[in-house]
Number of protein chains: 4
Amino acid sequence: ERRYVIRLGCPDRAGVVARISGFLAEAGGWIVEAAYHTDPDTNWFFTRQEVRAESLPFGVDELRRRFGEVARELSAKSDWTVTDTGRRRRVAILVSKEGHCLYDLLGRVHSGELDVDITAVVGNHADLAGITRAHGIPFHHVPFPAADPEGKAASFAQLRQLVDAGSPDAIVLARFMQVVPAELCAEWAGRALNIHHSFLPSFVGARPYHQAHQRGVKLIGATCHYVTAELDQGPIVEQDVIRVDHGDSVADMVRKGRDIEKVVLARGLRAHLESRILLHGNKTVVF
Amino acid sequence: ERRYVIRLGCPDRAGVVARISGFLAEAGGWIVEAAYHTDPDTNWFFTRQEVRAESLPFGVDELRRRFGEVARELSAKSDWTVTDTGRRRRVAILVSKEGHCLYDLLGRVHSGELDVDITAVVGNHADLAGITRAHGIPFHHVPFPAADPEGKAASFAQLRQLVDAGSPDAIVLARFMQVVPAELCAEWAGRALNIHHSFLPSFVGARPYHQAHQRGVKLIGATCHYVTAELDQGPIVEQDVIRVDHGDSVADMVRKGRDIEKVVLARGLRAHLESRILLHGNKTVVF
Amino acid sequence: ERRYVIRLGCPDRAGVVARISGFLAEAGGWIVEAAYHTDPDTNWFFTRQEVRAESLPFGVDELRRRFGEVARELSAKSDWTVTDTGRRRRVAILVSKEGHCLYDLLGRVHSGELDVDITAVVGNHADLAGITRAHGIPFHHVPFPAADPEGKAASFAQLRQLVDAGSPDAIVLARFMQVVPAELCAEWAGRALNIHHSFLPSFVGARPYHQAHQRGVKLIGATCHYVTAELDQGPIVEQDVIRVDHGDSVADMVRKGRDIEKVVLARGLRAHLESRILLHGNKTVVF
Amino acid sequence: ERRYVIRLGCPDRAGVVARISGFLAEAGGWIVEAAYHTDPDTNWFFTRQEVRAESLPFGVDELRRRFGEVARELSAKSDWTVTDTGRRRRVAILVSKEGHCLYDLLGRVHSGELDVDITAVVGNHADLAGITRAHGIPFHHVPFPAADPEGKAASFAQLRQLVDAGSPDAIVLARFMQVVPAELCAEWAGRALNIHHSFLPSFVGARPYHQAHQRGVKLIGATCHYVTAELDQGPIVEQDVIRVDHGDSVADMVRKGRDIEKVVLARGLRAHLESRILLHGNKTVVF
């Protein structure tokens, strides 16, 4: 069933909910899911509404035009989107050698659970070309020369072109082991999702399982966050953990952690594609 | 900050959200929390709204009168309440010998986290009189004679009187080991919460940890549910589990399970007292 | 690093540990992992020991011969095995239409985490032929005619032949939706692992997510168990759960449950292949 | 049933297990629980063994003498203890204003689950005097003057005397909000357990829930660790987490976090008192 999804963030005041639901009611809109949140620290209001497309006498463009007026009326600072679930989402995936997240995503695409077009898989290694192509998805191998800044810049330029060619709604760093340049982070802002293999803010940067083993923690985790210019500092979308003990070597942690990485990434990506995430500073509201 | 809480369940149709939020907006009501749910199987709509009391020009009784009109207009089948967080909630607690749930609740009362009046603690054993009275709360010992139906009926009559005298908003069966008669279940319908020491519907009835040990499960759980005439069959409010393994004896399971029972009961009670639970047949919507 | 794994179950008495470790020490065996358990209800002793292969002056056959003497000396009722991690394990997988468990297992094989030979994938539907063959693994389509007992028996005979031809150490029912005949359960006893999509013993049999949705539970689960003649009653190897709420439809439960099914099956299979599971009546000891 | 518990850490080599179990077997010792671990990074071996007291022809002192010889024979670096479950453990508790951990521990003492003598509760505030004394346990109020180093030193001297007078096996910092001086950390090394209200190493120091809220994490946690001179850096004994979302204020996190703090502290203390923890550098082996 096709739906239009409205997301809005704006300064809070009495009557915001009524203004939005009144607007929708007037147009005959049937709300099938609605969520609200107010952040008291910043006095900011957030909402997400799903409306049955067929309940409205007009299409998504007209809804966007009309809702835009409401949003602007509510505040000049309103930040809003109107999306259409009838438009098939497009996803680009960046990988290195480790395939567990890619396998997981491909399995979800195959089953129809993740009902998207994978526009491209780009790897700085070729290890995952086979499984990608077995699904009829183009795989591009873009090597990233170590210790060669100019070469890396060229590689990122090529990667960017391959990704942007597909106009993806989401760019998924599925254990892509290169640090994305600030410029690209800016261009992909709010669309690039990374899976980091630790429970952030613990163990930022390289080899987090080694760090976790060293510290002797009793749980390890994974974090899905939006990519920003500061490494592993972007807004957190989803996290989860799994228990470990003294008997777990670093290799065991790597193995156990993968099961968490996969599911945390998949949940984060799903929330993103369903327009469930609203950004607010360096934090997320996930409806 | 004082709030009025509106709960409503009614048949779903377009415009319900707008009707409610329009009504509130007209009166100047500032909605600080709002939740919605539609059950597609029964086409039933549920909502819960928290409004700042001071944002309305009238009190809770007038809100109740006015909202009642809206609710009836939406449907003759509407089921709704309007409650006032400014009214202190009252809780009666039934216990036997095991004190872990009682201790947990008293600790929450002491810290102010559970900001209620405990009207009475009634025990079919006297073991927990001391800790109860140390908190300035009346403890009543009502013995339940085994294998004496008439004696039990008399005990339940006495217990009922002791409980009802406090007009409690919640009657908590905090590991009370007697089966409540159907008549009393009916009178306390929607107010009596039980904690069952299994992950229902597994292991209904007596000695669930023994049953769990016998079956060799790898997780044990606890379930907070409303009490109904059918033993352990009432609407489930909250559940949780904890891992066990082959090394855990029944006694270990009892011990580990207690930690789950406490927190599941506390969460269920909190949701009940904050008017977050809407009943729908034998299921709950917990906003 | 190659290791020999000793598993033993026998009546408990003082000195059992010393007898086994003394035997190993005498032969120069370097124990790298050792686990013990005593079941007080049945007075049964269980142990699992991993020994560095190179620390012994003889091979696995001689170890088996010598340890067998020790085991018999300890009790005529001893139940024991000696396995060699240097022997590559063989796994057959049975599937229907749903591919999430198969994808998950293939991903683990591809990454080397699950370092086994998949001898065959047999499906009563052909949906998963592509992904299987993309990994160079033979896929056999054996249709199971509905409501045709004779046809089903013939199909099971064919399936059995295809499975047994590979002499698998494990037969994995990865959401295989046919009830295995008692005779085949007996032949595959202790080798066939099923993933059931509920937290057993809740929701035995068909459509467990529908049952869970109907009952209004707040957690759903999955159970990996050995296959026995009684449906969903075999010894439980591993279980896990995930939170759901009133907003989750049956379809949402199916989707969320899959993530639990995958990981529960993978953990159960790993434990089985590493000879970590000892059966004791209808229960498991998982070291 | 009375048991002797042997803990040993020493350099690993072939035959260690056999030497220990052989020693016990020779004396007729019936091992009821045994655990082993080898740390490959440091080539260190750890074991913990529980022996039925009545199975040995001598008492704990003689066992200690004899096992000491074995331990020294294994290595001059051996670190070992022999404890007697028949000796009742003694626990001192340090608190400030927040009572949730104290209530939890007292509830466990009352039920017999935590079968210890609480030698003293010392608080830098008097809020928890009532509940402590209601259990017949002495409560000592030792104020800690803010911004007065000399006054603080005097308070710590007094606190130390009150604690040490009871010769406690464990000193529990149950949300005690003062930083323990290095000297006292040294004296109480391996006996003082703290509960920190974050998932360490995230959010060290003051107001961790505020830090967590600021960062926008999706899980909050608690950590039980041994107290060392470096704040929140001691060996981790136990950790757990609970889910939060954008709707949770700092106050909500504080409330939810308490439920984790209680159980993490209780588990850590139990492991400590049952001699299940072996220290190895800044890490723990918890058998």
# chains A, B, ... in the order shown; residues from 1 in each chain; ligands from 1
$ select_by_dssp --residues "region 29-190 of chain C" --states "alpha helix (DSSP H)" --output "PyMOL selection string"
chain C and resi 60-74+100-111+129-133+149-164+182-187
$ interface_residues --of "chain C" --to "chain D" --cutoff "9 Å" --atoms "only C-alpha atoms" --output "number ranges by chain"
C: 13-26, 28-38, 55
$ residues_around --residues "His213 (chain D)" --least-positions-apart "3" --cutoff "8 Å" --atoms "only C-alpha atoms" --output "list of chain:residue names"
D:Tyr209, D:His210, D:Gly216, D:Val217, D:Ser249, D:Val250, D:Met253
$ write_last_selection --atoms "all heavy atoms" --output "PDB file, in the first residue's frame"
ATOM      1  N   TYR D 209      25.451   9.818  32.666  1.00  0.00           N
ATOM      2  CA  TYR D 209      24.192   9.812  31.914  1.00  0.00           C
ATOM      3  C   TYR D 209      24.026  11.114  31.125  1.00  0.00           C
ATOM      4  O   TYR D 209      23.480  11.108  30.021  1.00  0.00           O
ATOM      5  CB  TYR D 209      22.990   9.584  32.841  1.00  0.00           C
ATOM      6  CG  TYR D 209      22.948   8.197  33.436  1.00  0.00           C
ATOM      7  CD1 TYR D 209      22.874   7.988  34.806  1.00  0.00           C
ATOM      8  CD2 TYR D 209      22.968   7.067  32.612  1.00  0.00           C
ATOM      9  CE1 TYR D 209      22.834   6.714  35.352  1.00  0.00           C
ATOM     10  CE2 TYR D 209      22.934   5.788  33.143  1.00  0.00           C
ATOM     11  CZ  TYR D 209      22.863   5.613  34.515  1.00  0.00           C
ATOM     12  OH  TYR D 209      22.830   4.344  35.043  1.00  0.00           O
ATOM     13  N   HIS D 210      24.516  12.211  31.693  1.00  0.00           N
ATOM     14  CA  HIS D 210      24.499  13.461  30.923  1.00  0.00           C
ATOM     15  C   HIS D 210      25.379  13.336  29.685  1.00  0.00           C
ATOM     16  O   HIS D 210      25.008  13.764  28.597  1.00  0.00           O
ATOM     17  CB  HIS D 210      24.970  14.634  31.795  1.00  0.00           C
ATOM     18  CG  HIS D 210      23.983  15.045  32.824  1.00  0.00           C
ATOM     19  ND1 HIS D 210      23.794  14.341  34.004  1.00  0.00           N
ATOM     20  CD2 HIS D 210      23.093  16.084  32.871  1.00  0.00           C
ATOM     21  CE1 HIS D 210      22.850  14.920  34.725  1.00  0.00           C
ATOM     22  NE2 HIS D 210      22.415  15.980  34.077  1.00  0.00           N
ATOM     23  N   GLY D 216      24.012  11.063  22.383  1.00  0.00           N
ATOM     24  CA  GLY D 216      22.935  10.443  21.617  1.00  0.00           C
ATOM     25  C   GLY D 216      23.090   8.952  21.425  1.00  0.00           C
ATOM     26  O   GLY D 216      22.702   8.422  20.386  1.00  0.00           O
ATOM     27  N   VAL D 217      23.625   8.255  22.422  1.00  0.00           N
ATOM     28  CA  VAL D 217      23.758   6.800  22.298  1.00  0.00           C
ATOM     29  C   VAL D 217      22.391   6.130  22.396  1.00  0.00           C
ATOM     30  O   VAL D 217      21.448   6.701  22.932  1.00  0.00           O
ATOM     31  CB  VAL D 217      24.699   6.215  23.380  1.00  0.00           C
ATOM     32  CG1 VAL D 217      26.121   6.684  23.132  1.00  0.00           C
ATOM     33  CG2 VAL D 217      24.229   6.580  24.779  1.00  0.00           C
ATOM     34  N   SER D 249      14.835  11.429  28.416  1.00  0.00           N
ATOM     35  CA  SER D 249      15.580  12.557  28.981  1.00  0.00           C
ATOM     36  C   SER D 249      16.716  12.015  29.842  1.00  0.00           C
ATOM     37  O   SER D 249      16.810  10.809  30.083  1.00  0.00           O
ATOM     38  CB  SER D 249      14.644  13.398  29.846  1.00  0.00           C
ATOM     39  OG  SER D 249      14.196  12.604  30.936  1.00  0.00           O
ATOM     40  N   VAL D 250      17.576  12.905  30.314  1.00  0.00           N
ATOM     41  CA  VAL D 250      18.614  12.479  31.250  1.00  0.00           C
ATOM     42  C   VAL D 250      17.975  11.803  32.463  1.00  0.00           C
ATOM     43  O   VAL D 250      18.438  10.754  32.927  1.00  0.00           O
ATOM     44  CB  VAL D 250      19.478  13.672  31.696  1.00  0.00           C
ATOM     45  CG1 VAL D 250      20.423  13.263  32.820  1.00  0.00           C
ATOM     46  CG2 VAL D 250      20.282  14.224  30.518  1.00  0.00           C
ATOM     47  N   MET D 253      17.091   8.346  31.659  1.00  0.00           N
ATOM     48  CA  MET D 253      18.292   7.504  31.613  1.00  0.00           C
ATOM     49  C   MET D 253      18.754   7.149  33.022  1.00  0.00           C
ATOM     50  O   MET D 253      19.124   6.007  33.288  1.00  0.00           O
ATOM     51  CB  MET D 253      19.408   8.233  30.858  1.00  0.00           C
ATOM     52  CG  MET D 253      19.162   8.324  29.363  1.00  0.00           C
ATOM     53  SD  MET D 253      20.604   9.041  28.523  1.00  0.00           S
ATOM     54  CE  MET D 253      20.094   8.851  26.801  1.00  0.00           C
TER      55      MET D 253
END
$ residues_around --residues "Asp61 (chain D)" --least-positions-apart "5" --cutoff "12 Å" --atoms "only C-alpha atoms" --output "list in words"
Tyr4, Ala53, Leu56, Arg66, Phe67, Gly68, Thr81, Val82, Thr83 and Asp84 of chain D
$ write_last_selection --atoms "N, CA, C and O atoms" --output "compact mmCIF listing (two decimals), in the first residue's frame"
# COMPACT_ATOMS: atom_id res chain seq x y z
N TYR D 4 35.57 -26.37 49.48
CA TYR D 4 36.81 -25.59 49.42
C TYR D 4 37.01 -25.15 47.98
O TYR D 4 36.82 -25.94 47.05
N ALA D 53 34.11 -30.41 50.82
CA ALA D 53 34.94 -30.39 52.03
C ALA D 53 34.98 -31.77 52.67
O ALA D 53 36.05 -32.26 53.08
N LEU D 56 37.53 -34.66 51.72
CA LEU D 56 38.95 -34.63 52.08
C LEU D 56 39.13 -35.06 53.54
O LEU D 56 38.30 -34.72 54.40
N ARG D 66 49.15 -27.90 51.74
CA ARG D 66 49.54 -28.87 50.71
C ARG D 66 49.44 -28.29 49.30
O ARG D 66 50.29 -28.53 48.46
N PHE D 67 48.32 -27.57 49.05
CA PHE D 67 48.17 -27.02 47.70
C PHE D 67 49.24 -25.97 47.43
O PHE D 67 49.71 -25.83 46.29
N GLY D 68 49.64 -25.25 48.46
CA GLY D 68 50.71 -24.27 48.31
C GLY D 68 51.98 -24.90 47.76
O GLY D 68 52.66 -24.34 46.90
N THR D 81 44.88 -19.02 45.82
CA THR D 81 44.17 -18.94 47.10
C THR D 81 43.39 -20.24 47.30
O THR D 81 43.01 -20.91 46.33
N VAL D 82 43.15 -20.56 48.56
CA VAL D 82 42.23 -21.64 48.91
C VAL D 82 41.25 -21.04 49.91
O VAL D 82 41.66 -20.52 50.95
N THR D 83 39.96 -21.08 49.57
CA THR D 83 38.95 -20.50 50.46
C THR D 83 37.93 -21.56 50.85
O THR D 83 37.82 -22.61 50.21
N ASP D 84 37.19 -21.25 51.88
CA ASP D 84 36.27 -22.20 52.51
C ASP D 84 34.88 -21.59 52.47
O ASP D 84 34.64 -20.53 53.05
$ closest_atom_pairs --of "region 110-165 of chain A" --to "region 95-105 of chain A" --cutoff "7 Å" --atoms "only C-alpha atoms" --output "JSON lines"
{"residue": "A:Val122", "atom": "CA", "partner": "A:Val95", "partner_atom": "CA", "distance": 6.2}
{"residue": "A:Gly123", "atom": "CA", "partner": "A:Val95", "partner_atom": "CA", "distance": 4.7}
{"residue": "A:Asn124", "atom": "CA", "partner": "A:Ser96", "partner_atom": "CA", "distance": 5.3}
{"residue": "A:His125", "atom": "CA", "partner": "A:Ser96", "partner_atom": "CA", "distance": 5.4}
{"residue": "A:Asp127", "atom": "CA", "partner": "A:Lys97", "partner_atom": "CA", "distance": 5.7}
{"residue": "A:Leu128", "atom": "CA", "partner": "A:Gly99", "partner_atom": "CA", "distance": 6.6}
$ select_by_dssp --residues "region 36-273 of chain D" --states "strand (DSSP E or B)" --output "mmCIF file with C-alpha atoms, in the first residue's frame"
data_model
loop_
_atom_site.group_PDB
_atom_site.id
_atom_site.type_symbol
_atom_site.label_atom_id
_atom_site.label_comp_id
_atom_site.auth_asym_id
_atom_site.auth_seq_id
_atom_site.Cartn_x
_atom_site.Cartn_y
_atom_site.Cartn_z
ATOM 1 C CA TYR D 36 40.138 -23.606 33.190
ATOM 2 C CA HIS D 37 41.385 -20.848 30.984
ATOM 3 C CA THR D 38 44.607 -20.146 29.162
ATOM 4 C CA ASP D 39 45.503 -16.674 27.976
ATOM 5 C CA TRP D 44 49.105 -17.787 31.518
ATOM 6 C CA PHE D 45 46.965 -20.567 32.954
ATOM 7 C CA PHE D 46 44.004 -20.040 35.270
ATOM 8 C CA THR D 47 41.885 -22.502 37.136
ATOM 9 C CA ARG D 48 39.211 -22.582 39.789
ATOM 10 C CA GLN D 49 38.146 -25.818 41.465
ATOM 11 C CA GLU D 50 35.400 -26.522 43.967
ATOM 12 C CA VAL D 51 35.943 -29.582 46.140
ATOM 13 C CA ARG D 52 33.503 -31.142 48.584
ATOM 14 C CA ASP D 79 49.277 -16.770 42.407
ATOM 15 C CA TRP D 80 46.751 -18.829 44.346
ATOM 16 C CA THR D 81 44.166 -18.944 47.103
ATOM 17 C CA VAL D 82 42.227 -21.644 48.914
ATOM 18 C CA THR D 83 38.952 -20.498 50.464
ATOM 19 C CA ASP D 84 36.271 -22.200 52.511
ATOM 20 C CA ARG D 89 31.670 -13.686 54.183
ATOM 21 C CA ARG D 90 31.744 -10.116 55.485
ATOM 22 C CA VAL D 91 30.813 -7.069 53.428
ATOM 23 C CA ALA D 92 31.095 -3.321 54.073
ATOM 24 C CA ILE D 93 29.020 -0.954 51.989
ATOM 25 C CA LEU D 94 29.730 2.701 51.177
ATOM 26 C CA VAL D 95 26.849 4.906 50.074
ATOM 27 C CA VAL D 116 26.736 -12.580 54.234
ATOM 28 C CA ASP D 117 27.230 -10.345 57.240
ATOM 29 C CA ILE D 118 26.997 -6.669 56.395
ATOM 30 C CA THR D 119 29.570 -5.363 58.848
ATOM 31 C CA ALA D 120 28.785 -1.697 58.276
ATOM 32 C CA VAL D 121 27.139 0.768 55.966
ATOM 33 C CA VAL D 122 28.987 4.063 55.833
ATOM 34 C CA GLY D 123 27.383 7.070 54.159
ATOM 35 C CA PHE D 139 24.989 2.830 59.822
ATOM 36 C CA HIS D 140 27.756 5.380 60.180
ATOM 37 C CA HIS D 141 27.405 8.913 58.887
ATOM 38 C CA ALA D 170 34.420 -7.034 50.091
ATOM 39 C CA ILE D 171 34.070 -3.272 50.264
ATOM 40 C CA VAL D 172 31.213 -2.245 47.998
ATOM 41 C CA LEU D 173 30.990 1.298 46.678
ATOM 42 C CA ALA D 192 36.874 -2.924 46.720
ATOM 43 C CA LEU D 193 34.175 -3.100 44.064
ATOM 44 C CA ASN D 194 32.635 -0.018 42.466
ATOM 45 C CA ILE D 195 29.532 0.333 40.325
ATOM 46 C CA HIS D 196 30.005 2.968 37.648
ATOM 47 C CA LEU D 219 22.053 2.028 24.835
ATOM 48 C CA ILE D 220 23.228 2.981 28.296
ATOM 49 C CA GLY D 221 25.083 0.724 30.666
ATOM 50 C CA ALA D 222 26.724 0.056 33.972
ATOM 51 C CA THR D 223 30.076 -1.406 34.923
ATOM 52 C CA CYS D 224 31.208 -3.187 38.075
ATOM 53 C CA HIS D 225 34.977 -2.956 38.469
ATOM 54 C CA TYR D 226 37.675 -3.234 41.072
ATOM 55 C CA ILE D 236 36.104 -4.806 34.788
ATOM 56 C CA VAL D 237 34.116 -7.582 36.483
ATOM 57 C CA GLU D 238 30.678 -7.246 34.914
ATOM 58 C CA GLN D 239 28.754 -4.980 32.561
ATOM 59 C CA ASP D 240 25.310 -4.728 31.107
ATOM 60 C CA VAL D 241 23.239 -2.297 29.058
ATOM 61 C CA ILE D 242 19.666 -1.198 28.488
ATOM 62 C CA ARG D 243 18.072 0.389 25.439
#
$ atom_distance --atom1 "CA of Arg191 (chain A)" --atom2 "CA of Gly268 (chain A)"
11.5 Å
$ atom_distance --atom1 "CA of Val285 (chain D)" --atom2 "CA of Arg267 (chain D)"
14.2 Å
$ atom_distance --atom1 "CA of Arg258 (chain B)" --atom2 "CA of Ser198 (chain B)"
10.5 Å
